[in-house]
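Listing of final.txt, compact mmCIF, C-alpha atoms
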# COMPACT_ATOMS: atom_id res chain seq x y z
CA MET A 1 10.17 37.73 -16.77
CA ALA A 2 11.42 38.60 -13.33
CA ASP A 3 13.84 36.06 -12.06
CA THR A 4 14.05 35.71 -8.33
CA SER A 5 16.82 33.14 -8.04
CA GLU A 6 19.82 34.97 -9.44
CA GLY A 7 20.05 33.44 -12.86
CA ALA A 8 18.59 30.08 -11.93
CA ARG A 9 16.31 28.74 -14.63
CA VAL A 10 13.01 26.94 -14.37
CA GLY A 11 13.42 23.19 -14.77
CA ILE A 12 11.10 21.32 -17.12
CA VAL A 13 9.99 17.70 -16.68
CA LEU A 14 8.23 15.88 -19.50
CA VAL A 15 6.06 13.02 -18.27
CA SER A 16 4.92 10.39 -20.73
CA HIS A 17 3.82 6.77 -20.57
CA SER A 18 6.81 6.05 -22.77
CA LYS A 19 10.43 6.68 -21.84
CA GLN A 20 11.30 7.03 -25.52
CA VAL A 21 8.60 9.65 -26.10
CA ALA A 22 9.62 11.68 -23.05
CA ASP A 23 13.32 11.56 -23.89
CA ALA A 24 12.79 12.30 -27.59
CA VAL A 25 10.53 15.28 -26.91
CA SER A 26 13.08 16.50 -24.38
CA SER A 27 15.88 16.27 -26.99
CA MET A 28 13.79 17.99 -29.61
CA ALA A 29 12.77 20.84 -27.30
CA ALA A 30 16.36 21.31 -26.16
CA ALA A 31 17.59 21.39 -29.74
CA LEU A 32 14.93 23.92 -30.74
CA ALA A 33 15.80 26.08 -27.74
CA GLY A 34 19.23 26.39 -29.25
CA VAL A 35 21.22 26.31 -26.04
CA PRO A 36 23.55 23.45 -25.14
CA ASP A 37 22.26 22.92 -21.60
CA ALA A 38 18.52 23.48 -21.78
CA PRO A 39 16.94 22.74 -18.36
CA VAL A 40 14.69 19.91 -19.51
CA THR A 41 14.52 16.18 -18.92
CA GLY A 42 12.22 13.30 -19.76
CA ALA A 43 10.40 11.28 -17.10
CA GLY A 44 8.78 8.57 -19.14
CA GLY A 45 7.71 5.02 -18.41
CA LEU A 46 8.36 2.79 -15.45
CA PRO A 47 11.74 2.42 -13.70
CA ASP A 48 12.30 -0.81 -15.67
CA GLY A 49 11.69 1.00 -18.94
CA GLY A 50 8.20 -0.41 -19.49
CA LEU A 51 5.14 1.64 -20.42
CA GLY A 52 3.44 3.43 -17.55
CA THR A 53 3.88 6.29 -15.14
CA SER A 54 6.21 6.22 -12.18
CA GLU A 55 6.15 8.55 -9.22
CA GLU A 56 9.76 7.64 -8.57
CA VAL A 57 10.90 8.48 -12.11
CA ILE A 58 9.03 11.80 -12.01
CA THR A 59 10.25 12.97 -8.60
CA GLU A 60 13.81 11.98 -9.44
CA ALA A 61 13.66 13.95 -12.71
CA ALA A 62 12.16 16.98 -10.96
CA ARG A 63 14.97 17.05 -8.41
CA ARG A 64 17.52 16.74 -11.20
CA VAL A 65 16.29 19.80 -13.11
CA ASP A 66 15.47 21.90 -10.07
CA ALA A 67 17.85 24.86 -9.91
CA GLY A 68 15.85 26.85 -7.38
CA ALA A 69 13.55 28.72 -9.76
CA GLY A 70 10.78 26.16 -9.77
CA VAL A 71 9.85 23.15 -11.84
CA ALA A 72 7.27 22.96 -14.61
CA LEU A 73 5.82 19.59 -15.53
CA LEU A 74 4.09 18.60 -18.75
CA ALA A 75 2.28 15.30 -19.10
CA ASP A 76 0.71 13.36 -21.92
CA LEU A 77 -2.53 11.79 -20.62
CA GLY A 78 -4.30 9.55 -18.15
CA SER A 79 -2.05 8.26 -15.42
CA ALA A 80 0.74 10.68 -16.36
CA VAL A 81 -1.53 13.63 -15.59
CA LEU A 82 -3.08 11.96 -12.54
CA THR A 83 0.27 10.99 -11.07
CA VAL A 84 1.63 14.53 -11.36
CA LYS A 85 -1.57 15.95 -9.83
CA THR A 86 -1.33 13.48 -6.98
CA LEU A 87 2.31 14.40 -6.36
CA LEU A 88 1.42 18.07 -6.30
CA ALA A 89 -1.43 17.42 -3.86
CA GLU A 90 1.04 15.57 -1.66
CA GLY A 91 2.93 18.78 -1.08
CA ASP A 92 6.43 17.60 -0.27
CA GLU A 93 7.39 15.21 -3.06
CA LEU A 94 8.28 17.79 -5.71
CA PRO A 95 10.58 20.82 -5.46
CA ASP A 96 8.86 24.01 -4.38
CA PRO A 97 7.36 25.57 -6.42
CA SER A 98 6.31 22.94 -8.93
CA ARG A 99 3.45 23.28 -11.37
CA LEU A 100 1.62 21.09 -13.88
CA LEU A 101 1.20 23.00 -17.13
CA ASP A 102 -2.10 22.83 -18.96
CA ALA A 103 -0.62 22.19 -22.38
CA PRO A 104 -0.12 19.48 -24.99
CA LEU A 105 3.11 17.58 -24.32
CA VAL A 106 5.08 18.16 -27.51
CA GLU A 107 3.98 21.65 -28.50
CA GLY A 108 3.86 22.81 -24.90
CA ALA A 109 7.34 21.48 -24.22
CA ILE A 110 8.85 23.57 -27.03
CA GLY A 111 7.35 26.82 -25.72
CA ALA A 112 8.22 25.98 -22.14
CA VAL A 113 11.82 25.00 -22.82
CA VAL A 114 12.57 27.94 -25.10
CA THR A 115 11.16 30.30 -22.47
CA ALA A 116 12.95 28.62 -19.56
CA ALA A 117 16.25 28.54 -21.46
CA GLY A 118 15.88 32.30 -21.99
CA GLY A 119 15.48 32.92 -18.28
CA GLY A 120 11.69 33.20 -18.05
CA ASP A 121 10.16 32.57 -14.65
CA LEU A 122 7.64 29.84 -13.84
CA ALA A 123 4.64 31.99 -14.79
CA ALA A 124 6.23 32.92 -18.12
CA VAL A 125 7.11 29.29 -18.82
CA ALA A 126 3.53 28.24 -18.04
CA ALA A 127 2.08 30.96 -20.25
CA ALA A 128 4.33 29.97 -23.15
CA ALA A 129 3.34 26.33 -22.89
CA GLU A 130 -0.35 27.06 -22.55
CA GLU A 131 -0.21 29.26 -25.62
CA ALA A 132 0.18 26.07 -27.62
CA TYR A 133 -3.58 25.62 -27.41
CA SER A 134 -4.19 28.86 -29.30
CA TYR A 135 -2.28 27.65 -32.34
CA ARG A 136 -4.92 26.02 -34.53
CA LYS A 137 -3.74 23.61 -37.19
CA VAL A 138 -6.71 23.75 -39.51
CA MET B 1 -20.19 -13.97 9.52
CA SER B 2 -22.93 -11.39 9.63
CA GLY B 3 -20.71 -8.86 7.94
CA LYS B 4 -21.61 -6.46 10.70
CA VAL B 5 -18.80 -4.81 12.51
CA THR B 6 -18.74 -7.01 15.55
CA ASN B 7 -16.15 -7.52 18.18
CA GLY B 8 -13.50 -10.03 17.17
CA ALA B 9 -13.84 -11.96 20.45
CA GLY B 10 -11.73 -9.43 22.28
CA GLU B 11 -8.54 -10.39 20.52
CA GLY B 12 -7.56 -6.78 20.14
CA THR B 13 -8.04 -7.02 16.40
CA GLY B 14 -10.36 -4.07 16.38
CA GLY B 15 -13.55 -5.44 14.92
CA SER B 16 -15.97 -3.77 17.29
CA ALA B 17 -18.36 -1.07 16.16
CA GLU B 18 -17.03 1.15 18.93
CA GLY B 19 -13.54 0.78 17.68
CA LEU B 20 -11.75 0.02 14.45
CA ASP B 21 -8.04 0.07 15.16
CA ALA B 22 -4.88 -0.02 13.05
CA ALA B 23 -4.96 -3.84 13.05
CA PHE B 24 -8.41 -3.77 11.46
CA PHE B 25 -7.18 -1.47 8.71
CA ALA B 26 -4.09 -3.58 8.13
CA ARG B 27 -6.38 -6.60 7.84
CA TRP B 28 -8.44 -4.71 5.26
CA MET B 29 -5.36 -3.94 3.16
CA ARG B 30 -4.10 -7.53 3.38
CA ALA B 31 -7.53 -8.86 2.39
CA ALA B 32 -7.47 -6.47 -0.55
CA ALA B 33 -4.05 -7.79 -1.57
CA ASP B 34 -5.41 -11.35 -1.41
CA ALA B 35 -8.50 -10.45 -3.42
CA VAL B 36 -6.58 -8.58 -6.08
CA ASP B 37 -4.10 -11.44 -6.36
CA ARG B 38 -6.93 -13.97 -6.67
CA GLU B 39 -8.86 -11.90 -9.22
CA ALA B 40 -5.95 -10.38 -11.18
CA ASP B 41 -6.67 -12.43 -14.28
CA ARG B 42 -10.32 -11.40 -14.29
CA LEU B 43 -9.39 -7.72 -13.88
CA THR B 44 -6.96 -7.96 -16.76
CA GLU B 45 -9.54 -9.73 -18.89
CA LEU B 46 -12.06 -6.96 -18.23
CA ASP B 47 -9.37 -4.41 -19.02
CA SER B 48 -8.42 -6.15 -22.26
CA ALA B 49 -12.00 -5.67 -23.49
CA ILE B 50 -12.06 -1.89 -23.06
CA GLY B 51 -8.61 -0.86 -21.82
CA ASP B 52 -4.98 -1.78 -22.16
CA ALA B 53 -5.02 -5.12 -20.36
CA ASP B 54 -2.80 -4.15 -17.45
CA HIS B 55 -5.23 -3.56 -14.59
CA GLY B 56 -4.82 -6.96 -12.90
CA GLY B 57 -1.04 -6.86 -13.01
CA ASN B 58 -0.90 -3.23 -11.94
CA MET B 59 -3.21 -3.75 -8.99
CA ARG B 60 -1.41 -6.92 -7.95
CA ARG B 61 1.95 -5.14 -8.01
CA GLY B 62 0.55 -2.26 -5.99
CA PHE B 63 -1.16 -4.27 -3.29
CA GLU B 64 1.75 -6.71 -2.98
CA ALA B 65 3.91 -3.66 -2.24
CA VAL B 66 1.36 -2.55 0.37
CA ARG B 67 1.44 -6.01 1.92
CA SER B 68 5.26 -5.99 2.09
CA GLU B 69 5.17 -2.57 3.69
CA LEU B 70 2.72 -3.79 6.36
CA ASP B 71 4.84 -6.89 6.93
CA GLU B 72 7.67 -4.55 7.90
CA GLY B 73 5.45 -3.07 10.57
CA VAL B 74 1.89 -1.79 10.92
CA PRO B 75 1.63 1.97 11.53
CA ALA B 76 0.06 2.94 14.86
CA THR B 77 -3.19 4.52 13.73
CA PRO B 78 -5.95 3.72 11.20
CA GLY B 79 -5.20 6.95 9.36
CA SER B 80 -1.51 6.18 9.02
CA VAL B 81 -2.19 2.65 7.78
CA LEU B 82 -4.31 4.01 4.95
CA MET B 83 -1.96 6.87 4.14
CA THR B 84 1.00 4.50 3.99
CA ALA B 85 -0.92 2.12 1.74
CA GLY B 86 -2.09 4.95 -0.51
CA ARG B 87 1.39 6.32 -0.90
CA LYS B 88 2.65 2.86 -1.81
CA LEU B 89 -0.03 2.43 -4.46
CA VAL B 90 0.82 5.74 -6.12
CA SER B 91 4.46 4.76 -6.32
CA THR B 92 4.06 1.18 -7.51
CA VAL B 93 0.91 0.67 -9.59
CA GLY B 94 2.14 2.42 -12.75
CA GLY B 95 -1.30 3.07 -14.27
CA ALA B 96 -4.08 5.56 -13.60
CA SER B 97 -5.44 3.34 -10.84
CA GLY B 98 -2.29 4.11 -8.79
CA PRO B 99 -2.99 7.79 -8.25
CA LEU B 100 -6.75 7.14 -8.06
CA TYR B 101 -6.66 4.40 -5.42
CA GLY B 102 -3.72 6.14 -3.76
CA THR B 103 -5.75 9.31 -3.44
CA LEU B 104 -8.75 7.34 -2.17
CA LEU B 105 -6.79 5.73 0.65
CA ARG B 106 -4.69 8.74 1.49
CA ARG B 107 -7.60 11.15 1.71
CA THR B 108 -9.63 8.62 3.68
CA GLY B 109 -6.68 8.12 6.03
CA LYS B 110 -6.02 11.82 6.35
CA THR B 111 -9.67 12.43 7.23
CA LEU B 112 -9.45 9.81 9.99
CA GLY B 113 -6.69 11.89 11.56
CA ASP B 114 -4.54 10.72 14.45
CA ALA B 115 -7.15 8.71 16.34
CA GLU B 116 -5.95 5.27 17.48
CA VAL B 117 -9.46 3.91 17.18
CA VAL B 118 -12.25 5.14 14.90
CA THR B 119 -15.94 4.31 14.67
CA GLY B 120 -17.66 2.78 11.68
CA GLU B 121 -19.47 6.05 11.24
CA GLU B 122 -16.18 7.93 11.10
CA LEU B 123 -14.95 5.45 8.55
CA ALA B 124 -18.05 6.02 6.42
CA GLY B 125 -17.50 9.78 6.52
CA ALA B 126 -13.79 9.50 5.75
CA LEU B 127 -14.43 7.10 2.90
CA SER B 128 -16.87 9.55 1.43
CA ALA B 129 -14.22 12.30 1.62
CA GLY B 130 -11.75 9.96 -0.09
CA ILE B 131 -14.23 9.28 -2.87
CA ASP B 132 -14.77 13.01 -3.35
CA ALA B 133 -11.02 13.41 -3.80
CA VAL B 134 -10.98 10.64 -6.41
CA ALA B 135 -13.86 12.31 -8.26
CA GLN B 136 -12.02 15.61 -8.21
CA LEU B 137 -8.73 14.11 -9.38
CA GLY B 138 -10.23 12.14 -12.24
CA GLY B 139 -13.01 14.58 -13.08
CA ALA B 140 -15.56 11.76 -13.20
CA THR B 141 -19.11 11.66 -11.92
CA ALA B 142 -21.62 8.89 -11.28
CA GLY B 143 -22.52 6.93 -14.39
CA ASP B 144 -19.25 7.61 -16.23
CA LYS B 145 -18.40 3.88 -15.97
CA THR B 146 -15.58 4.25 -13.47
CA MET B 147 -14.59 3.01 -10.02
CA LEU B 148 -16.86 5.71 -8.59
CA ASP B 149 -19.88 3.70 -9.69
CA ALA B 150 -18.87 1.01 -7.19
CA LEU B 151 -17.33 3.21 -4.50
CA ARG B 152 -20.09 5.76 -4.10
CA PRO B 153 -22.94 3.28 -3.50
CA ALA B 154 -20.70 1.40 -1.06
CA ALA B 155 -19.92 4.49 0.99
CA ASP B 156 -23.59 5.49 0.93
CA ALA B 157 -24.68 2.04 2.10
CA LEU B 158 -22.15 2.15 4.91
CA ALA B 159 -23.27 5.62 5.95
CA ASP B 160 -26.93 4.58 5.82
CA SER B 161 -26.22 1.83 8.33
CA GLY B 162 -24.55 4.29 10.66
CA GLY B 163 -21.18 2.81 9.72
CA LYS B 164 -22.09 -0.63 11.03
CA ASP B 165 -22.88 -2.75 8.03
CA LEU B 166 -19.73 -3.49 6.09
CA ARG B 167 -21.46 -6.26 4.19
CA ALA B 168 -24.00 -3.76 2.85
CA ALA B 169 -21.09 -1.71 1.52
CA ARG B 170 -19.71 -4.77 -0.18
CA THR B 171 -23.05 -5.72 -1.73
CA ALA B 172 -23.65 -2.17 -2.96
CA ALA B 173 -20.17 -2.03 -4.52
CA GLU B 174 -20.65 -5.35 -6.28
CA LYS B 175 -24.03 -4.26 -7.60
CA GLY B 176 -22.60 -0.92 -8.70
CA ALA B 177 -19.75 -2.65 -10.53
CA GLU B 178 -22.16 -4.98 -12.33
CA GLU B 179 -24.30 -2.04 -13.31
CA THR B 180 -21.40 -0.44 -15.19
CA THR B 181 -21.77 -3.10 -17.89
CA PRO B 182 -24.44 -1.34 -19.99
CA LEU B 183 -22.87 2.10 -19.52
CA GLN B 184 -20.80 3.95 -22.07
CA ALA B 185 -17.43 5.04 -20.70
CA ARG B 186 -16.94 8.77 -20.44
CA LYS B 187 -13.57 8.83 -18.65
CA GLY B 188 -10.24 7.14 -19.09
CA ARG B 189 -8.92 5.13 -21.97
CA ALA B 190 -12.19 3.23 -22.42
CA SER B 191 -13.92 6.50 -23.37
CA TYR B 192 -12.04 6.46 -26.69
CA LEU B 193 -14.07 3.39 -27.60
CA GLY B 194 -17.35 5.31 -27.45
CA GLU B 195 -20.30 2.98 -27.84
CA ARG B 196 -18.03 -0.05 -28.07
CA SER B 197 -17.37 0.30 -24.34
CA ILE B 198 -21.01 -0.72 -23.76
CA GLY B 199 -21.51 -4.34 -22.70
CA HIS B 200 -18.34 -4.70 -20.66
CA GLN B 201 -17.96 -4.26 -16.92
CA ASP B 202 -15.59 -1.47 -15.98
CA PRO B 203 -12.35 -2.96 -14.59
CA GLY B 204 -11.88 -0.07 -12.15
CA ALA B 205 -15.36 -0.61 -10.75
CA ALA B 206 -14.60 -4.33 -10.50
CA SER B 207 -11.43 -3.72 -8.50
CA ALA B 208 -13.25 -1.17 -6.33
CA ALA B 209 -15.79 -3.87 -5.51
CA LEU B 210 -12.91 -6.13 -4.46
CA LEU B 211 -11.64 -3.40 -2.14
CA MET B 212 -15.08 -3.14 -0.52
CA ALA B 213 -15.37 -6.93 -0.27
CA ALA B 214 -12.01 -6.89 1.50
CA LEU B 215 -13.36 -4.30 3.93
CA ALA B 216 -16.26 -6.61 4.77
CA GLU B 217 -13.83 -9.51 5.18
CA ALA B 218 -11.76 -7.45 7.60
CA GLY B 219 -14.95 -7.01 9.59
CA GLY B 220 -15.61 -10.74 9.66
CA ASP B 221 -17.53 -11.38 6.44
CA ALA B 222 -16.15 -14.63 5.03
CA GLU B 223 -14.74 -14.61 1.56
CA GLY B 224 -17.35 -15.30 -1.08
CA SER B 225 -20.27 -15.33 1.35
CA ALA B 226 -21.97 -12.23 -0.03
This entry written out as C-alpha cells:
Amino acid sequence: MADTSEGARVGIVLVSHSKQVADAVSSMAAALAGVPDAPVTGAGGLPDGGLGTSEEVITEAARRVDAGAGVALLADLGSAVLTVKTLLAEGDELPDPSRLLDAPLVEGAIGAVVTAAGGGDLAAVAAAAEEAYSYRKV
Amino acid sequence: MSGKVTNGAGEGTGGSAEGLDAAFFARWMRAAADAVDREADRLTELDSAIGDADHGGNMRRGFEAVRSELDEGVPATPGSVLMTAGRKLVSTVGGASGPLYGTLLRRTGKTLGDAEVVTGEELAGALSAGIDAVAQLGGATAGDKTMLDALRPAADALADSGGKDLRAARTAAEKGAEETTPLQARKGRASYLGERSIGHQDPGAASAALLMAALAEAGGDAEGSA
C-alpha cells in the first residue's frame, strides 16, 4: 500500500454504455466506501446522454479524478472495454499511469473505490477489484 | 476503371503504383464516407437482425466527422491522414466499431510512417499490421463472423498482387462479408444470440467491405463496377 504521491489517491473511472449506470454505480461505491469525497466518477454514455461509449467523456472523467497517483478504469462490455483499451494504447490521452482493471463493473468498483479511498496504490486498487472474480455466488 | 493502381493522368492525385500520396488516402477516406452514407440504412438493417441497430448511424457519424476534418485540411503524409481519421473514428462513432476501425486506420497509418509517398506493397503490409491490431484488440480470429472476415481476405488479395490490385482487395472483402452469413457469431453482441446469429450477414464485415470498395474507388475503380 505504498503511496508515492504524498497522500494523493488513485482516481477511479467507471465506464458504461449508460450514463445512469455509470453514475449510479459510482454513487453506490462512494457510499459503501464511507468517505464523503471518494475519488470515483462515472463516464457513461455519449456526450448527449445517449447510449454508447465516448472517448471524450472517458478522458474528461479521467482527468477530473486524477490526483497524481494514477487512474484505474473499470468498464462494462464491448465498446466500453475496447474504447478504454484503445485510449491506453494511444499513450497520451489518459493520465499517467492509467490502467484498465480486469473486473466486473459493479463488484469491481466497490473493491476499487474502498481501497482507493483508504489510500491504496494503483496495484492495490487493481488487486481489490480483480478479487471480485473470486467471489462465487452459487 | 481497371481497379489497378494506375496513374491518375499526372494530376498529382497519387494514383500511381509507384506512389500513393496523402491525396490518395484522403480520397479513400472521402469515398468511405460516401459509401457509408449511401449504405447506412443497409448496415443498420443488418445490425438490427443480430445487433443493436446502430451500426449505420454510428459509422455515418464517424466518417462524416472524418470528412469534416479532411475538409479543414489534408495532413501531409499518407500515415498522418490515416492516423487522423482513425483518431476521429474512435472519438465519434460511439460503438465498438469506433475503437476497432480507429485502431485499424491508426495502426495502418503508423506503420506507413512519415513517408510522403508509399507503394501499394507498403500499403498492403501496413494494412495487414492494422488488421493484426484489430484482431488483438477485439480478440477475434477468422471465422468469428466479424469485420476480420472481410478485412483479412482483402489485405491478402492486395498483398498477393504485390500491392497493385485494389479491385482484388475489394472483391475479396465483398466475398468475405457475404460468407459471414452462414457463420455463427463468436464475438461481440451478436455472439449472445448463439445459433440465431446464423443466416445474417455480419454488419461489421459489411462495413469493412465498404471500406475496401472505397479503397478501390480511390484507385480509380468506379462505384458499383465490381
Return the neighbours of chain B among the residues of chain A, cut-off 12 Å, counting all atoms listed in the file, as a compact mmCIF listing (two decimals) with C-alpha atoms, in the coordinates of the input.
# COMPACT_ATOMS: atom_id res chain seq x y z
CA SER A 16 4.92 10.39 -20.73
CA HIS A 17 3.82 6.77 -20.57
CA SER A 18 6.81 6.05 -22.77
CA GLY A 44 8.78 8.57 -19.14
CA GLY A 45 7.71 5.02 -18.41
CA LEU A 46 8.36 2.79 -15.45
CA PRO A 47 11.74 2.42 -13.70
CA ASP A 48 12.30 -0.81 -15.67
CA GLY A 49 11.69 1.00 -18.94
CA GLY A 50 8.20 -0.41 -19.49
CA LEU A 51 5.14 1.64 -20.42
CA GLY A 52 3.44 3.43 -17.55
CA THR A 53 3.88 6.29 -15.14
CA SER A 54 6.21 6.22 -12.18
CA GLU A 55 6.15 8.55 -9.22
CA GLU A 56 9.76 7.64 -8.57
CA VAL A 57 10.90 8.48 -12.11
CA ILE A 58 9.03 11.80 -12.01
CA THR A 59 10.25 12.97 -8.60
CA LEU A 77 -2.53 11.79 -20.62
CA GLY A 78 -4.30 9.55 -18.15
CA SER A 79 -2.05 8.26 -15.42
CA ALA A 80 0.74 10.68 -16.36
CA VAL A 81 -1.53 13.63 -15.59
CA LEU A 82 -3.08 11.96 -12.54
CA THR A 83 0.27 10.99 -11.07
CA VAL A 84 1.63 14.53 -11.36
CA LYS A 85 -1.57 15.95 -9.83
CA THR A 86 -1.33 13.48 -6.98
CA LEU A 87 2.31 14.40 -6.36
CA LEU A 88 1.42 18.07 -6.30
CA ALA A 89 -1.43 17.42 -3.86
CA GLU A 90 1.04 15.57 -1.66
CA GLU A 93 7.39 15.21 -3.06
>> So that I can check the surroundings of Ala115 in chain B, please list as an MDAnalysis selection string every protein, DNA and RNA residue that reaches within 12 Å of it, counting only C-alpha atoms and ignoring chain neighbours fewer than 2 positions away.
In response: chainID B and resid 19:22 76:81 109:113 117:119 122:123
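From CA of Ala35 in chain B back to CA of Gly125 in chain B, the distance works out to 24.3 Å.
Going from CA of Ala208 in chain B over to CA of Tyr101 in chain B, you cover 8.7 Å.
Between CA of Val65 in chain A and CA of Val13 in chain A the interatomic distance comes to 7.5 Å.
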>> When you look at Gly34 in chain A with a cut-off of 12 Å (counting all atoms listed in the file), what residues show up, excluding the ones that are within fewer than 6 positions of it in the same chain? I need them as a ChimeraX atom specification.
In response: /A:27-28,110,113-118
Go ahead and write the residues just picked, C-alpha atoms, as a PDB file, in the frame of the given file.
ATOM      1  CA  SER A  27      15.880  16.270 -26.990  1.00  0.00           C
ATOM      2  CA  MET A  28      13.790  17.990 -29.610  1.00  0.00           C
ATOM      3  CA  ILE A 110       8.850  23.570 -27.030  1.00  0.00           C
ATOM      4  CA  VAL A 113      11.820  25.000 -22.820  1.00  0.00           C
ATOM      5  CA  VAL A 114      12.570  27.940 -25.100  1.00  0.00           C
ATOM      6  CA  THR A 115      11.160  30.300 -22.470  1.00  0.00           C
ATOM      7  CA  ALA A 116      12.950  28.620 -19.560  1.00  0.00           C
ATOM      8  CA  ALA A 117      16.250  28.540 -21.460  1.00  0.00           C
ATOM      9  CA  GLY A 118      15.880  32.300 -21.990  1.00  0.00           C
TER      10      GLY A 118
END
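Near Arg63 in chain A, within 9 Å and counting all atoms listed in the file, sit A:Gly11, A:Ile58, A:Thr59, A:Glu60, A:Asp66, A:Ala67, A:Val71, A:Leu94, A:Pro95, not including residues fewer than 3 positions from it in the same chain.
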> Can you list, as a PyMOL selection string, every protein, DNA or RNA residue that comes within 10 Å of Gly120 in chain A when you count all atoms listed in the file, leaving out same-chain residues fewer than 4 positions away?
Replying inline: chain A and resi 1-3+7-10+69+112-116+124-126+128
Expected answer as a PDB file with C-alpha atoms, in the coordinates of the input: all residues with atoms within 7 Å of (8.5, 19.3, -13.9), all atoms listed in the file:
ATOM      1  CA  GLY A  11      13.420  23.190 -14.770  1.00  0.00           C
ATOM      2  CA  ILE A  12      11.100  21.320 -17.120  1.00  0.00           C
ATOM      3  CA  VAL A  13       9.990  17.700 -16.680  1.00  0.00           C
ATOM      4  CA  LEU A  14       8.230  15.880 -19.500  1.00  0.00           C
ATOM      5  CA  ALA A  62      12.160  16.980 -10.960  1.00  0.00           C
ATOM      6  CA  VAL A  71       9.850  23.150 -11.840  1.00  0.00           C
ATOM      7  CA  ALA A  72       7.270  22.960 -14.610  1.00  0.00           C
ATOM      8  CA  LEU A  73       5.820  19.590 -15.530  1.00  0.00           C
ATOM      9  CA  LEU A  74       4.090  18.600 -18.750  1.00  0.00           C
ATOM     10  CA  SER A  98       6.310  22.940  -8.930  1.00  0.00           C
ATOM     11  CA  ARG A  99       3.450  23.280 -11.370  1.00  0.00           C
TER      12      ARG A  99
END
>> Please determine, counting only C-alpha atoms, which residue among B:Arg107, B:Arg67, B:Arg27, B:Lys175 has the shortest atom-to-atom distance to Gly86 in chain B.
In response: B:Arg107
